[in-house]
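Participant: Next up, start.tsv (TSV, C-alpha atoms).
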chain	number	residue	atom	x	y	z
A	1	MET	CA	113.95	111.36	92.40
A	2	THR	CA	115.09	114.73	93.75
A	3	ALA	CA	116.97	117.53	91.99
A	4	SER	CA	119.45	120.05	93.34
A	5	ALA	CA	122.08	122.44	92.05
A	6	SER	CA	125.57	120.96	91.86
A	7	THR	CA	128.98	122.59	92.07
A	8	THR	CA	131.05	122.86	88.90
A	9	PRO	CA	133.17	119.68	88.58
A	10	ALA	CA	136.91	120.15	88.37
A	11	ARG	CA	137.88	116.69	87.06
A	12	PRO	CA	135.06	115.08	85.05
A	13	VAL	CA	135.77	111.66	83.52
A	14	LEU	CA	133.74	109.87	80.85
A	15	PHE	CA	134.14	106.15	80.18
A	16	ILE	CA	133.39	105.23	76.59
A	17	ASN	CA	132.53	101.80	75.21
A	18	PRO	CA	133.41	102.23	71.51
A	19	ARG	CA	131.49	99.07	70.50
A	20	SER	CA	128.17	99.94	72.11
A	21	GLY	CA	125.33	100.84	69.79
A	22	GLY	CA	127.26	99.69	66.75
A	23	GLY	CA	129.96	102.32	67.29
A	24	LYS	CA	127.68	105.20	68.26
A	25	ALA	CA	130.42	106.90	70.31
A	26	GLN	CA	132.64	107.13	67.24
A	27	ARG	CA	129.84	108.37	65.00
A	28	PHE	CA	129.21	111.25	67.39
A	29	ASP	CA	132.95	111.82	67.92
A	30	LEU	CA	132.61	111.73	71.70
A	31	VAL	CA	136.36	111.56	72.37
A	32	THR	CA	137.09	114.78	70.48
A	33	ARG	CA	134.08	116.53	72.01
A	34	CYS	CA	135.23	115.53	75.48
A	35	GLY	CA	138.63	117.11	74.88
A	36	ALA	CA	137.00	120.33	73.71
A	37	GLN	CA	134.84	120.49	76.84
A	38	GLY	CA	137.49	119.72	79.43
A	39	ILE	CA	136.32	116.14	80.04
A	40	LYS	CA	138.81	113.28	80.32
A	41	PRO	CA	137.71	110.44	78.00
A	42	VAL	CA	138.61	106.87	78.89
A	43	VAL	CA	138.05	104.60	75.91
A	44	MET	CA	137.54	101.01	76.97
A	45	LYS	CA	139.39	98.11	75.35
A	46	ASP	CA	138.45	94.44	75.20
A	47	GLY	CA	139.12	92.84	78.55
A	48	ASP	CA	139.03	96.07	80.56
A	49	ASP	CA	137.49	95.89	84.04
A	50	LEU	CA	135.12	98.85	84.07
A	51	PHE	CA	134.46	98.52	87.79
A	52	ALA	CA	138.20	98.79	88.51
A	53	LEU	CA	138.70	101.62	86.00
A	54	ALA	CA	135.91	103.71	87.50
A	55	GLY	CA	137.15	103.11	91.02
A	56	ALA	CA	140.67	104.10	90.05
A	57	ALA	CA	139.41	107.30	88.42
A	58	VAL	CA	137.66	108.36	91.60
A	59	SER	CA	140.73	107.49	93.67
A	60	SER	CA	142.76	109.72	91.33
A	61	GLY	CA	140.49	112.69	91.93
A	62	ALA	CA	137.57	112.43	89.50
A	63	ASP	CA	134.65	114.38	91.00
A	64	VAL	CA	132.03	113.31	88.43
A	65	ILE	CA	132.05	110.17	86.29
A	66	GLY	CA	129.94	109.31	83.28
A	67	MET	CA	129.38	106.34	81.01
A	68	ALA	CA	128.83	106.32	77.26
A	69	GLY	CA	127.47	102.85	76.67
A	70	GLY	CA	124.62	100.47	77.34
A	71	ASP	CA	122.58	99.86	80.48
A	72	GLY	CA	124.91	97.21	81.89
A	73	SER	CA	127.89	99.56	81.82
A	74	GLN	CA	125.74	102.39	83.16
A	75	GLY	CA	124.94	100.30	86.22
A	76	ILE	CA	128.61	99.63	86.98
A	77	VAL	CA	129.64	103.29	86.78
A	78	ALA	CA	126.54	104.38	88.74
A	79	SER	CA	127.45	101.94	91.51
A	80	ILE	CA	130.94	103.44	91.85
A	81	ALA	CA	129.56	106.99	91.86
A	82	SER	CA	127.02	106.04	94.52
A	83	ARG	CA	129.66	104.35	96.66
A	84	HIS	CA	131.79	107.52	96.66
A	85	ASP	CA	128.84	109.95	96.72
A	86	ILE	CA	129.82	111.80	93.55
A	87	PRO	CA	127.63	112.63	90.52
A	88	TYR	CA	127.19	110.15	87.68
A	89	VAL	CA	126.11	111.02	84.13
A	90	CYS	CA	124.38	108.73	81.64
A	91	ILE	CA	125.44	109.25	78.02
A	92	PRO	CA	123.12	107.09	75.86
A	93	SER	CA	125.43	105.53	73.29
A	94	GLY	CA	124.27	101.93	73.65
A	95	THR	CA	121.84	99.97	71.51
A	96	ARG	CA	118.54	100.46	73.32
A	97	ASN	CA	119.39	102.67	76.29
A	98	HIS	CA	116.30	101.82	78.35
A	99	PHE	CA	117.60	103.82	81.31
A	100	ALA	CA	118.05	106.93	79.16
A	101	LEU	CA	114.54	106.44	77.79
A	102	ASP	CA	113.07	106.38	81.28
A	103	LEU	CA	115.07	109.51	82.15
A	104	GLY	CA	113.61	111.28	79.12
A	105	LEU	CA	116.94	111.67	77.31
A	106	ASP	CA	117.28	111.87	73.54
A	107	ARG	CA	118.83	108.51	72.67
A	108	ASP	CA	119.56	109.66	69.12
A	109	ASN	CA	121.98	112.39	70.20
A	110	PRO	CA	124.32	111.22	73.00
A	111	ALA	CA	126.66	114.17	72.49
A	112	ALA	CA	123.93	116.54	73.69
A	113	PHE	CA	124.44	115.40	77.27
A	114	LEU	CA	128.19	115.90	77.61
A	115	ASP	CA	127.45	119.31	79.14
A	116	ALA	CA	126.04	117.54	82.19
A	117	LEU	CA	129.58	116.44	83.10
A	118	THR	CA	130.69	120.05	83.51
A	119	ASP	CA	127.51	122.04	84.14
A	120	GLY	CA	124.65	119.86	85.31
A	121	VAL	CA	121.87	119.74	87.88
A	122	GLU	CA	122.06	116.75	90.18
A	123	GLN	CA	119.06	114.43	90.42
A	124	ARG	CA	119.13	111.74	93.09
A	125	ILE	CA	117.53	108.42	92.25
A	126	ASP	CA	117.30	104.97	93.78
A	127	LEU	CA	119.49	102.18	92.43
A	128	GLY	CA	118.43	98.54	92.25
A	129	VAL	CA	120.70	95.80	93.58
A	130	ILE	CA	120.49	92.05	92.95
A	131	GLY	CA	123.09	89.70	94.40
A	132	GLY	CA	125.34	92.64	95.21
A	133	ARG	CA	125.27	93.96	91.63
A	134	THR	CA	123.79	97.38	90.89
A	135	PHE	CA	121.43	97.94	87.96
A	136	VAL	CA	119.87	101.19	86.74
A	137	ASN	CA	116.87	100.02	84.75
A	138	ASN	CA	116.20	96.31	84.67
A	139	ALA	CA	117.79	92.97	85.37
A	140	SER	CA	116.94	89.86	83.40
A	141	PHE	CA	117.11	86.14	84.13
A	142	GLY	CA	116.24	83.11	82.04
A	143	ALA	CA	115.77	83.03	78.27
A	144	TYR	CA	116.35	86.70	77.44
A	145	ALA	CA	119.44	86.90	79.64
A	146	GLU	CA	120.81	83.72	78.09
A	147	VAL	CA	120.44	85.19	74.61
A	148	VAL	CA	122.01	88.58	75.28
A	149	ARG	CA	124.97	87.13	77.17
A	150	SER	CA	126.11	85.33	74.01
A	151	PRO	CA	129.22	86.96	72.49
A	152	ALA	CA	127.55	86.73	69.06
A	153	TYR	CA	124.51	88.76	70.10
A	154	ARG	CA	126.13	92.17	69.68
A	155	ASP	CA	126.81	91.72	65.96
A	156	ASP	CA	123.85	89.51	65.00
A	157	LYS	CA	120.94	89.94	67.39
A	158	ARG	CA	118.25	88.29	65.29
A	159	GLY	CA	120.40	85.38	64.13
A	160	THR	CA	121.72	84.68	67.62
A	161	THR	CA	118.22	84.74	69.09
A	162	LEU	CA	116.89	82.34	66.45
A	163	ALA	CA	119.84	79.99	66.98
A	164	ILE	CA	119.54	79.85	70.78
A	165	LEU	CA	115.78	80.10	71.26
A	166	PRO	CA	114.85	76.48	70.30
A	167	ASP	CA	117.07	75.04	73.05
A	168	LEU	CA	115.70	77.56	75.54
A	169	LEU	CA	112.08	76.84	74.74
A	170	SER	CA	112.63	73.09	74.91
A	171	GLY	CA	114.37	73.33	78.27
A	172	HIS	CA	117.73	72.08	77.01
A	173	ARG	CA	119.47	75.32	77.91
A	174	ALA	CA	119.32	77.75	80.86
A	175	ALA	CA	117.94	77.08	84.30
A	176	THR	CA	114.23	76.75	85.05
A	177	LEU	CA	113.06	79.64	87.21
A	178	THR	CA	110.98	79.65	90.36
A	179	ALA	CA	109.18	82.83	91.42
A	180	ARG	CA	108.00	83.49	94.96
A	181	ALA	CA	105.83	86.40	96.09
A	182	GLY	CA	104.62	86.13	99.65
A	183	ALA	CA	102.91	82.76	100.05
A	184	ALA	CA	102.59	82.20	96.29
A	185	THR	CA	105.16	80.09	94.41
A	186	VAL	CA	105.27	79.64	90.63
A	187	THR	CA	107.59	77.01	89.17
A	188	GLY	CA	108.82	77.30	85.60
A	189	PRO	CA	107.02	80.54	84.67
A	190	GLN	CA	107.08	81.67	81.06
A	191	ALA	CA	107.56	85.27	82.11
A	192	VAL	CA	107.87	87.24	85.34
A	193	LEU	CA	107.88	91.02	85.67
A	194	VAL	CA	108.55	92.89	88.90
A	195	SER	CA	108.09	96.67	88.79
A	196	ASN	CA	107.45	99.55	91.16
A	197	ASN	CA	105.63	101.76	88.63
A	198	ALA	CA	102.99	101.35	85.92
A	199	TYR	CA	104.12	100.27	82.46
A	200	GLU	CA	102.75	101.65	79.23
A	201	MET	CA	101.59	98.90	76.88
A	202	THR	CA	100.99	101.04	73.78
A	203	ASP	CA	103.83	99.67	71.64
A	204	ILE	CA	102.45	97.88	68.58
A	205	ALA	CA	105.09	95.15	68.99
A	206	GLY	CA	103.86	94.43	72.50
A	207	SER	CA	106.90	95.71	74.38
A	208	ALA	CA	106.44	97.78	77.50
A	209	THR	CA	108.11	100.85	78.88
A	210	GLY	CA	107.67	103.08	81.88
A	211	PRO	CA	106.75	106.78	82.04
A	212	GLY	CA	109.57	107.46	84.49
A	213	TRP	CA	112.65	105.76	85.93
A	214	MET	CA	111.99	102.52	87.71
A	215	PRO	CA	114.10	99.72	89.09
A	216	GLY	CA	112.66	96.50	87.72
A	217	CYS	CA	113.45	92.87	87.27
A	218	SER	CA	112.21	90.96	84.26
A	219	ALA	CA	112.68	87.22	84.23
A	220	TRP	CA	111.96	85.16	81.15
A	221	SER	CA	111.98	81.39	81.22
A	222	ARG	CA	110.58	78.64	79.02
How does this structure look as structure tokens?
Facilitator:
Amino acid sequence: MTASASTTPARPVLFINPRSGGGKAQRFDLVTRCGAQGIKPVVMKDGDDLFALAGAAVSSGADVIGMAGGDGSQGIVASIASRHDIPYVCIPSGTRNHFALDLGLDRDNPAAFLDALTDGVEQRIDLGVIGGRTFVNNASFGAYAEVVRSPAYRDDKRGTTLAILPDLLSGHRAATLTARAGAATVTGPQAVLVSNNAYEMTDIAGSATGPGWMPGCSAWSR
């Protein structure tokens, strides 16, 4: 990751997912704050193609684009910014915001980072790509991915997990994974983690996080 001074943007655009984080964007009044700071807010609606919206914004003259939402949306907007070589800003208004955590951002105050769209310092980082799709923190396959892709997961995470998990653990749902690393092959692993930095394992619940940004791929299977 490298940092450098950036010129003052003339046409900053922020894409806002109003449903992310249980409505965090609305609670912090991001749309109104954008207007006060000269940032064009684009509030997403159900069915919107974020990839197309971000591309259209750049084609219309946006010289910095940001995303207020979760890690999946962050990856889409980051990929468009990278493709056009313009700055991208992460506004952590999702549920967990793992990317923001690794960047050292305050996930409890997304409005604090709107200034970066108009007066920021550029930091260049590597982006991860799997199957042509860009991700900014991690990409998941197998059981965890199957759970979070459910439309019901956003509103009832625990209930959805409990409802889906039995079929996943019994092998009646989701594909069985195969992991290959050099000459080693593991069929049907329970968990696979690929990372380019050390993880901290101090969380009492057993979850792991990294001290700095890292592209990673976590794959959970039965």
Participant: With only C-alpha atoms as the atoms that count, which of A:Leu193, A:Ala143, A:Cys34, A:Val136 lies nearest to Gln74 (chain A)?
Facilitator: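 Closest residue, counting only C-alpha atoms: A:Val136.
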Participant: Can you work out which one of A:Gly22, A:Pro151, A:Gly104, A:Pro87 has the shortest atom-to-atom distance to Glu122 (chain A), counting all atoms listed in the file?
Facilitator: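 So, comparing all the options, the nearest one is A:Pro87.
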Participant: Rounded to one decimal in Å, what is the spacing between CA of Arg27 (chain A) and CA of Ala152 (chain A)?
Facilitator: 22.1 Å
Participant: Between CA of Arg124 (chain A) and CA of Gly55 (chain A), measure the distance and give it in Å to one decimal.
Facilitator: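 Those two atoms sit 20.1 Å apart.
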Participant: Just give me the gap between CA of Gly66 (chain A) and CA of Phe15 (chain A) in Å, one decimal is fine.
Facilitator: 6.1 Å
Participant: Select, from A:Val147, A:Ala10, A:Ala111, A:Cys90, the residue with the minimum atom-to-atom distance to Phe28 (chain A), counting only C-alpha atoms.
Facilitator: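 Smallest distance to Phe28 (chain A) is found for A:Ala111.
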Participant: Go through A:Gly75, A:Leu14, A:Ser20, A:Gly69 one by one, measure the shortest atom-to-atom distance of each to Val42 (chain A) using all atoms listed in the file, and give the residue with the smallest value.
Facilitator: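 The shortest atom-to-atom distance to Val42 (chain A) comes from A:Leu14.
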Participant: Tell me which of A:Gly61, A:Arg19, A:Asp106, A:Thr118 sits closest to Gly38 (chain A), counting all atoms listed in the file.
Facilitator: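 Using all atoms listed in the file, Gly38 (chain A) sits closest to A:Thr118.
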Participant: Calculated over all atoms listed in the file, which of the candidates A:Thr134, A:Gln37, A:Ser140, A:Ser73 has the smallest distance to Leu53 (chain A)?
Facilitator: A:Ser73
